[in-house]
Structure formats: C-alpha cells, structure tokens
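K.L.:
Below you will find the structure I want to go over with you.
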Amino acid sequence: MKILIAGANGKVGTILSGKLWGHSGFSPVGLIRDSRQQTKFTALGVPSVVGDLEEGISSFLPGLDAVIFTAGSGGRTGPDKTTDVDQNAAIKLMLDCESAGVRRFLMVSAIGADPNSESTRIQHYLRAKGVADSRLRSSKLDYTIIAPGSLIDERGTGRVQVAENLGFHGYLPREDLADCIIESLKNFNSVGKTIQVVSGGQKIKEAFSGLLGGGLPPIA
Ligand SMILES: NC(=O)c1ccc[n+]([C@@H]2O[C@H](COP(=O)([O-])OP(=O)(O)OC[C@H]3O[C@@H](n4cnc5c(N)ncnc54)[C@H](OP(=O)(O)O)[C@@H]3O)[C@@H](O)[C@H]2O)c1
C-alpha cells in the first residue's frame, strides 16, 4: 500500500514514517514543506516530497493507495492558521484525493472535535477539526477518523482503550497513536468509522480487533 503521510515532519508523522517503512505491505512517502527536512527522511530511508497543503499537493496523489492526514498548524499559531490548515487544507486534500482516485483516507482528529464545540480552551481547534471530519464523513472516500486524547511524548505502552465514543478524555503517547493508525490501515472494517483512543489496558491489536472484528485485508 503506497501511502502519503501529510504532516510527516511532525511528531506523530516522524514516528509513523519510521514504523510504516519497517512494516511489510506499506510503502510510505513523507510530505514535508521544507527541503531541509529531507535529511531526516533520507536517514530514515523514507522517500519524501516537498509541498504545502494550503497550496495543494495534487501532483503527488496519482498512484497512491492511501493518504494519512496528521498535519496541523500547531499550538503556536492563531485561530486563522488553524482554520487554514486543520480545516481548509484538510478538506482540499480530501477533494484532491476524490479527483485523483485515492480512496483510502485516514484522518488524525481529536476527541472533542465538533463543528459546534463549546470548549472554552481550544474551541477554534475543535471546531476546525470537526468541520474537516464532517466533510470527510460525507465524502465518497474510504475514510477512517482516529480521534486521540491529548498527545504526550512518552514512550508508547502498546496498550489502549478504543471506542467509537469513549465518553471521556485521556492521554495517549504519540508512539501508540502511530501504532493505532497502522492497525486501522490493516483492518478494512475501520472504513467509515470514527475511533476514539486513549491509553488503556488492552493491547493495540486486540483493542482494534475487539472493536472492528478481524476485517478484510487492506487494499493492495
Ligand atoms: N497535540 C495534541 O494533544 C493532539 C491531540 C489530538 C490530536 N492531535 C492531532 O494530531 C496530529 C499530529 O500532531 P503532532 O503532535 O504530530 O503535530 P506537529 O508535531 O505540530 O506536526 C504537524 C505537522 O504538520 C505540518 N504542517 C503544518 N502546516 C502544513 C502545511 N500547510 N503543509 C504541509 N504540512 C504542514 C508541520 O510542518 P513543519 O514540520 O514544517 O512545521 C508539521 O510537520 C495533528 O493533526 C493534531 O491536530 C493533536
């Protein structure tokens, strides 16, 4: 499965790039927006392409089997940039995937993402993510939305709690999120689902097969 990772130079994207590269059946390509970031990907052995999601990256899409959106404007930018990247650039990528025939789309969202979020802390972020998620749900793409709790840089435990609606918030190491993304890609029953995930007591593989069943093999 040839996969473009949008946001590859980010914390999750970097971990995910390395893991996917070592995983049989997956052939990742990192989308980065500065050619100086290429050194890191060359060292990882992962091919990379340079492009900006806000400007559009449709030229890289033909021939891909899947796209993962793990980009984000980050906590240091204002609400306008959040709308530009987390919402509008994500939707642009969905539309371009539809046009290019890249059917599989895995979105990294967040617990609480909702176009009508009333959060007092990160309302603009949760609304932007929620609008993007809604657009994805109404698309023709074979989508999966992975919605983690607050991400932390600690080493992964390999154990999580997953549900379509957990009903509570929590934390998740980025390394575990990367493994959850891979588990979703491997299980075609994740298509059309939103899966919330936080740290928990179940091994990642078991948690996903418990929620989704065994699933069909991933698209070639
Ligand atoms: N932080 C949390 O607690 C939390 C919780 C739930 C979900 N999430 C979501 O998890 C995902 C990954 O998070 P993370 O911690 O890995 O984020 P991160 O380290 O901030 O990485 C985001 C990446 O997006 C890239 N990017 C931003 N704008 C772009 C553009 N216009 N074109 C191309 N690339 C662009 C950045 O590029 P540069 O490297 O060039 O800056 C960066 O590499 C995000 O979608 C985030 O919203 C985060």
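By order in the structure tokens, chains are A, B, ...; within a chain, residues start at 1; ligands start at 1, following the order shown.
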Looking only at strand (DSSP E) from DSSP on the backbone, list the matching residues of region 32-174 of chain A as a CSV table (one decimal) with N, CA, C and O atoms, in the first residue's frame.

P.N.:
chain,number,residue,atom,x,y,z
A,32,ILE,N,6.6,16.8,3.2
A,32,ILE,CA,7.2,17.8,4.0
A,32,ILE,C,7.1,19.2,3.3
A,32,ILE,O,6.9,19.2,2.1
A,48,SER,N,10.6,11.2,0.4
A,48,SER,CA,9.8,12.4,0.8
A,48,SER,C,9.6,13.3,-0.4
A,48,SER,O,10.4,13.3,-1.3
A,49,VAL,N,8.6,14.0,-0.4
A,49,VAL,CA,8.3,15.0,-1.4
A,49,VAL,C,8.0,16.3,-0.7
A,49,VAL,O,7.5,16.4,0.5
A,50,VAL,N,8.3,17.4,-1.4
A,50,VAL,CA,8.1,18.8,-0.7
A,50,VAL,C,6.9,19.5,-1.3
A,50,VAL,O,6.8,19.6,-2.5
A,66,ALA,N,-3.3,5.4,-0.5
A,66,ALA,CA,-3.9,6.0,0.8
A,66,ALA,C,-3.2,7.3,1.1
A,66,ALA,O,-2.0,7.5,0.8
A,67,VAL,N,-3.9,8.1,1.9
A,67,VAL,CA,-3.3,9.3,2.4
A,67,VAL,C,-3.6,9.3,3.9
A,67,VAL,O,-4.7,9.0,4.4
A,68,ILE,N,-2.6,9.7,4.7
A,68,ILE,CA,-2.9,10.0,6.1
A,68,ILE,C,-2.7,11.4,6.4
A,68,ILE,O,-1.7,12.0,6.0
A,69,PHE,N,-3.7,12.0,7.1
A,69,PHE,CA,-3.6,13.5,7.4
A,69,PHE,C,-3.2,13.6,8.9
A,69,PHE,O,-4.0,13.3,9.8
A,104,ARG,N,-8.5,5.7,0.0
A,104,ARG,CA,-8.4,5.5,1.4
A,104,ARG,C,-7.8,6.7,2.1
A,104,ARG,O,-6.7,7.2,1.7
A,105,PHE,N,-8.5,7.2,3.1
A,105,PHE,CA,-8.1,8.5,3.7
A,105,PHE,C,-8.2,8.3,5.2
A,105,PHE,O,-9.2,8.0,5.8
A,106,LEU,N,-7.0,8.4,5.9
A,106,LEU,CA,-7.0,8.3,7.4
A,106,LEU,C,-6.8,9.6,8.0
A,106,LEU,O,-5.7,10.2,7.7
A,107,MET,N,-7.7,10.1,8.7
A,107,MET,CA,-7.6,11.4,9.4
A,107,MET,C,-7.2,11.3,10.8
A,107,MET,O,-7.9,10.5,11.6
A,108,VAL,N,-6.2,12.0,11.2
A,108,VAL,CA,-5.9,12.1,12.7
A,108,VAL,C,-6.7,13.3,13.2
A,108,VAL,O,-6.4,14.5,12.8
A,142,ASP,N,-12.9,6.1,1.3
A,142,ASP,CA,-12.9,5.1,2.3
A,142,ASP,C,-12.1,5.6,3.5
A,142,ASP,O,-10.9,5.4,3.7
A,143,TYR,N,-12.9,6.3,4.4
A,143,TYR,CA,-12.2,7.1,5.4
A,143,TYR,C,-12.2,6.3,6.8
A,143,TYR,O,-13.0,5.5,7.0
A,144,THR,N,-11.2,6.7,7.6
A,144,THR,CA,-11.2,6.3,9.0
A,144,THR,C,-10.8,7.6,9.7
A,144,THR,O,-9.8,8.2,9.3
A,145,ILE,N,-11.5,7.9,10.8
A,145,ILE,CA,-11.1,9.0,11.6
A,145,ILE,C,-10.6,8.5,13.0
A,145,ILE,O,-11.3,7.8,13.7
A,146,ILE,N,-9.3,8.7,13.2
A,146,ILE,CA,-8.8,8.3,14.5
A,146,ILE,C,-8.7,9.5,15.4
A,146,ILE,O,-8.1,10.5,15.0
A,147,ALA,N,-9.4,9.5,16.5
A,147,ALA,CA,-9.5,10.7,17.4
A,147,ALA,C,-8.9,10.4,18.7
A,147,ALA,O,-9.5,9.7,19.6
A,148,PRO,N,-7.6,10.8,18.9
A,148,PRO,CA,-6.9,10.5,20.1
A,148,PRO,C,-7.2,11.6,21.2
A,148,PRO,O,-7.7,12.6,20.9
A,150,SER,N,-5.4,13.7,24.5
A,150,SER,CA,-4.2,14.6,24.5
A,150,SER,C,-2.9,13.8,24.2
A,150,SER,O,-2.7,12.8,24.9
A,151,LEU,N,-2.1,14.3,23.3
A,151,LEU,CA,-0.9,13.5,22.9
A,151,LEU,C,0.3,13.9,23.8
A,151,LEU,O,0.5,15.0,24.1
A,152,ILE,N,1.0,12.9,24.2
A,152,ILE,CA,2.2,13.1,25.0
A,152,ILE,C,3.4,12.4,24.3
A,152,ILE,O,3.2,11.5,23.5
A,159,ARG,N,-0.6,-0.3,24.9
A,159,ARG,CA,-2.0,-0.6,25.4
A,159,ARG,C,-2.9,0.6,25.4
A,159,ARG,O,-2.5,1.7,25.8
A,160,VAL,N,-4.1,0.4,25.0
A,160,VAL,CA,-5.0,1.5,24.7
A,160,VAL,C,-6.4,1.1,25.1
A,160,VAL,O,-6.7,-0.1,25.4
A,161,GLN,N,-7.3,2.1,25.1
A,161,GLN,CA,-8.8,1.9,25.2
A,161,GLN,C,-9.4,2.5,24.0
A,161,GLN,O,-9.1,3.7,23.7
A,162,VAL,N,-10.2,1.8,23.2
A,162,VAL,CA,-10.8,2.4,22.0
A,162,VAL,C,-12.3,2.2,22.0
A,162,VAL,O,-12.8,1.2,22.6
A,163,ALA,N,-13.0,3.1,21.4
A,163,ALA,CA,-14.4,3.0,21.2
A,163,ALA,C,-14.9,4.1,20.2
A,163,ALA,O,-14.1,5.0,20.0
A,171,TYR,N,-5.2,10.6,27.8
A,171,TYR,CA,-3.9,10.9,27.2
A,171,TYR,C,-3.5,9.7,26.3
A,171,TYR,O,-4.0,8.6,26.5
A,172,LEU,N,-2.6,10.0,25.4
A,172,LEU,CA,-2.1,8.9,24.5
A,172,LEU,C,-0.7,9.3,24.1
A,172,LEU,O,-0.5,10.3,23.5
A,173,PRO,N,0.3,8.4,24.3
A,173,PRO,CA,1.6,8.6,23.7
A,173,PRO,C,1.6,8.6,22.2
A,173,PRO,O,0.8,7.8,21.6

K.L.:
Within 10 Å of Asp52 (chain A), counting only C-alpha atoms, which residues qualify if same-chain residues fewer than 6 places away don't, as a list in words?

P.N.:
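Neighbouring residues, sequence-local ones excluded: Ala6, Gly7, Leu31, Ile32, Arg33, Asp34, Val85 and Ala89 of chain A.
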
K.L.:
Output C-alpha atoms of each residue in that selection to a file, as a PDB file, in the first residue's frame.

P.N.:
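Dumped to part.pdb:
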ATOM      1  CA  ALA A   6       0.730  14.641   5.228  1.00  0.00           C
ATOM      2  CA  GLY A   7       2.474  16.198   8.220  1.00  0.00           C
ATOM      3  CA  LEU A  31       5.025  15.060   2.606  1.00  0.00           C
ATOM      4  CA  ILE A  32       7.220  17.812   4.037  1.00  0.00           C
ATOM      5  CA  ARG A  33       7.159  21.535   3.353  1.00  0.00           C
ATOM      6  CA  ASP A  34      10.844  22.410   3.566  1.00  0.00           C
ATOM      7  CA  VAL A  85      -4.532  24.070   7.841  1.00  0.00           C
ATOM      8  CA  ALA A  89      -6.157  22.323   3.810  1.00  0.00           C
TER       9      ALA A  89
END

K.L.:
Atom 43 (O, counted along the ligand's line) of ligand 1 and CA of Ala71 (chain A) are how many Å apart?

P.N.:
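Straight-line distance from atom 43 (O, counted along the ligand's line) of ligand 1 to CA of Ala71 (chain A) works out to 6.1 Å.
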
K.L.:
Smallest atom-to-atom distance to ligand 1: which of A:Phe41, A:Phe60, A:Tyr125, A:Phe208, using only C-alpha atoms and all ligand atoms?

P.N.:
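Among the listed residues, the smallest separation from ligand 1 belongs to A:Tyr125.
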
K.L.:
Just checking: using only C-alpha atoms and all ligand atoms, which residue out of A:Gln196, A:Ser138, A:Ser209, A:Ser119 ends up closest to ligand 1?

P.N.:
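Checking each of A:Gln196, A:Ser138, A:Ser209, A:Ser119 against ligand 1, counting only C-alpha atoms and all ligand atoms, the winner is A:Gln196.
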
K.L.:
So that I can check the secondary structure, give me every residue of region 94-190 of chain A assigned helix (DSSP H, G or I) by backbone DSSP, as an MDAnalysis selection string.

P.N.:
chainID A and resid 94:100 123:137 174:186 188:190

K.L.:
Could you tell me which of A:Met94, A:Leu53, A:Ala128, A:Ile3 comes closest to ligand 1 if we count only C-alpha atoms and all ligand atoms?

P.N.:
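Going through A:Met94, A:Leu53, A:Ala128, A:Ile3 one by one, the smallest distance to ligand 1 is for A:Leu53.
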
K.L.:
Which residue is closest to Leu61 (chain A)? Choose from A:Asn187, A:Ser99, A:Ser199, A:Asn9 and count only C-alpha atoms.

P.N.:
A:Ser99

K.L.:
Just the residues within 12 Å of Thr14 (chain A), please, counting only C-alpha atoms, with nothing from its chain fewer than 3 positions along; format it as a PyMOL selection string.

P.N.:
chain A and resi 5-11+17-21+28-32+37-38+40-41+43-46+48+70-71+174-175+177-178

K.L.:
With N, CA and C atoms retained, could you export that selection as an mmCIF file, in the first residue's frame?

P.N.:
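Result written to out-v5.cif:
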data_model
loop_
_atom_site.group_PDB
_atom_site.id
_atom_site.type_symbol
_atom_site.label_atom_id
_atom_site.label_comp_id
_atom_site.auth_asym_id
_atom_site.auth_seq_id
_atom_site.Cartn_x
_atom_site.Cartn_y
_atom_site.Cartn_z
ATOM 1 N N ILE A 5 2.088 10.498 3.738
ATOM 2 C CA ILE A 5 1.861 10.997 5.101
ATOM 3 C C ILE A 5 1.934 12.520 5.059
ATOM 4 N N ALA A 6 0.776 13.175 5.189
ATOM 5 C CA ALA A 6 0.730 14.641 5.228
ATOM 6 C C ALA A 6 0.975 15.080 6.666
ATOM 7 N N GLY A 7 2.055 15.852 6.867
ATOM 8 C CA GLY A 7 2.474 16.198 8.220
ATOM 9 C C GLY A 7 3.587 15.283 8.689
ATOM 10 N N ALA A 8 4.330 14.731 7.722
ATOM 11 C CA ALA A 8 5.350 13.716 8.043
ATOM 12 C C ALA A 8 6.446 14.236 8.964
ATOM 13 N N ASN A 9 6.750 15.543 8.872
ATOM 14 C CA ASN A 9 7.834 16.073 9.709
ATOM 15 C C ASN A 9 7.394 16.360 11.139
ATOM 16 N N GLY A 10 6.122 16.227 11.416
ATOM 17 C CA GLY A 10 5.610 16.470 12.766
ATOM 18 C C GLY A 10 5.980 15.318 13.697
ATOM 19 N N LYS A 11 5.588 15.474 14.950
ATOM 20 C CA LYS A 11 5.978 14.465 15.953
ATOM 21 C C LYS A 11 5.368 13.106 15.643
ATOM 22 N N SER A 17 6.277 7.536 10.055
ATOM 23 C CA SER A 17 7.085 7.294 8.848
ATOM 24 C C SER A 17 8.046 6.131 9.092
ATOM 25 N N GLY A 18 8.743 6.184 10.217
ATOM 26 C CA GLY A 18 9.710 5.125 10.532
ATOM 27 C C GLY A 18 9.042 3.781 10.718
ATOM 28 N N LYS A 19 7.905 3.775 11.398
ATOM 29 C CA LYS A 19 7.211 2.499 11.652
ATOM 30 C C LYS A 19 6.661 1.909 10.356
ATOM 31 N N LEU A 20 6.051 2.743 9.515
ATOM 32 C CA LEU A 20 5.469 2.230 8.265
ATOM 33 C C LEU A 20 6.550 1.704 7.336
ATOM 34 N N TRP A 21 7.715 2.371 7.355
ATOM 35 C CA TRP A 21 8.795 1.943 6.479
ATOM 36 C C TRP A 21 9.269 0.529 6.853
ATOM 37 N N PRO A 28 5.613 4.002 2.582
ATOM 38 C CA PRO A 28 5.269 5.396 2.896
ATOM 39 C C PRO A 28 6.084 6.419 2.100
ATOM 40 N N VAL A 29 5.453 7.562 1.870
ATOM 41 C CA VAL A 29 6.138 8.726 1.305
ATOM 42 C C VAL A 29 5.781 9.895 2.222
ATOM 43 N N GLY A 30 6.778 10.600 2.701
ATOM 44 C CA GLY A 30 6.519 11.717 3.604
ATOM 45 C C GLY A 30 6.310 13.013 2.843
ATOM 46 N N LEU A 31 5.221 13.714 3.158
ATOM 47 C CA LEU A 31 5.025 15.060 2.606
ATOM 48 C C LEU A 31 5.591 16.058 3.607
ATOM 49 N N ILE A 32 6.609 16.800 3.172
ATOM 50 C CA ILE A 32 7.220 17.812 4.037
ATOM 51 C C ILE A 32 7.120 19.152 3.319
ATOM 52 N N GLN A 37 14.173 19.542 5.500
ATOM 53 C CA GLN A 37 13.671 18.438 6.349
ATOM 54 C C GLN A 37 13.946 17.082 5.704
ATOM 55 N N GLN A 38 14.381 17.117 4.440
ATOM 56 C CA GLN A 38 14.569 15.869 3.703
ATOM 57 C C GLN A 38 15.685 15.010 4.308
ATOM 58 N N LYS A 40 16.362 14.259 7.300
ATOM 59 C CA LYS A 40 15.830 13.331 8.318
ATOM 60 C C LYS A 40 15.196 12.112 7.653
ATOM 61 N N PHE A 41 14.476 12.345 6.579
ATOM 62 C CA PHE A 41 13.770 11.239 5.921
ATOM 63 C C PHE A 41 14.736 10.364 5.125
ATOM 64 N N ALA A 43 17.718 9.775 6.121
ATOM 65 C CA ALA A 43 18.331 8.952 7.170
ATOM 66 C C ALA A 43 17.397 7.813 7.594
ATOM 67 N N LEU A 44 16.104 8.103 7.608
ATOM 68 C CA LEU A 44 15.118 7.050 7.978
ATOM 69 C C LEU A 44 14.948 6.032 6.843
ATOM 70 N N GLY A 45 15.372 6.431 5.639
ATOM 71 C CA GLY A 45 15.168 5.575 4.463
ATOM 72 C C GLY A 45 13.807 5.762 3.827
ATOM 73 N N VAL A 46 13.105 6.819 4.258
ATOM 74 C CA VAL A 46 11.738 7.050 3.763
ATOM 75 C C VAL A 46 11.761 8.112 2.657
ATOM 76 N N SER A 48 10.643 11.201 0.410
ATOM 77 C CA SER A 48 9.843 12.374 0.788
ATOM 78 C C SER A 48 9.644 13.281 -0.416
ATOM 79 N N THR A 70 -1.939 13.871 9.151
ATOM 80 C CA THR A 70 -1.525 14.088 10.537
ATOM 81 C C THR A 70 -0.815 15.443 10.646
ATOM 82 N N ALA A 71 -1.192 16.333 9.724
ATOM 83 C CA ALA A 71 -0.659 17.699 9.758
ATOM 84 C C ALA A 71 -1.469 18.536 10.736
ATOM 85 N N ARG A 174 2.321 9.517 21.588
ATOM 86 C CA ARG A 174 2.313 9.600 20.118
ATOM 87 C C ARG A 174 2.737 8.269 19.485
ATOM 88 N N GLU A 175 3.648 7.569 20.142
ATOM 89 C CA GLU A 175 4.079 6.286 19.577
ATOM 90 C C GLU A 175 2.903 5.304 19.485
ATOM 91 N N LEU A 177 -0.222 6.190 19.198
ATOM 92 C CA LEU A 177 -1.106 6.675 18.126
ATOM 93 C C LEU A 177 -0.611 6.150 16.773
ATOM 94 N N ALA A 178 0.693 6.198 16.561
ATOM 95 C CA ALA A 178 1.243 5.703 15.282
ATOM 96 C C ALA A 178 0.873 4.222 15.090
#

K.L.:
Calculated over only C-alpha atoms, which of the candidates A:Gly13, A:Gly201, A:Gly149, A:Pro62 has the smallest distance to Asp179 (chain A)?

P.N.:
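Using only C-alpha atoms, the shortest distance to Asp179 (chain A) belongs to A:Gly13.
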
K.L.:
Give me the residues within 12 Å of region 211-215 of chain A as an MDAnalysis selection string, counting only C-alpha atoms and dropping any in the same chain fewer than 6 places off.

P.N.:
chainID A and resid 144 160:166 183:197 202 204:205

K.L.:
Just checking: using only C-alpha atoms, which residue out of A:Ile91, A:Val198, A:Met1, A:Leu141 ends up closest to His23 (chain A)?

P.N.:
A:Met1

K.L.:
In Å to one decimal, how far is CA of Gly156 (chain A) from CA of Ala207 (chain A)?

P.N.:
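Separation of CA of Ala207 (chain A) and CA of Gly156 (chain A): 15.0 Å.
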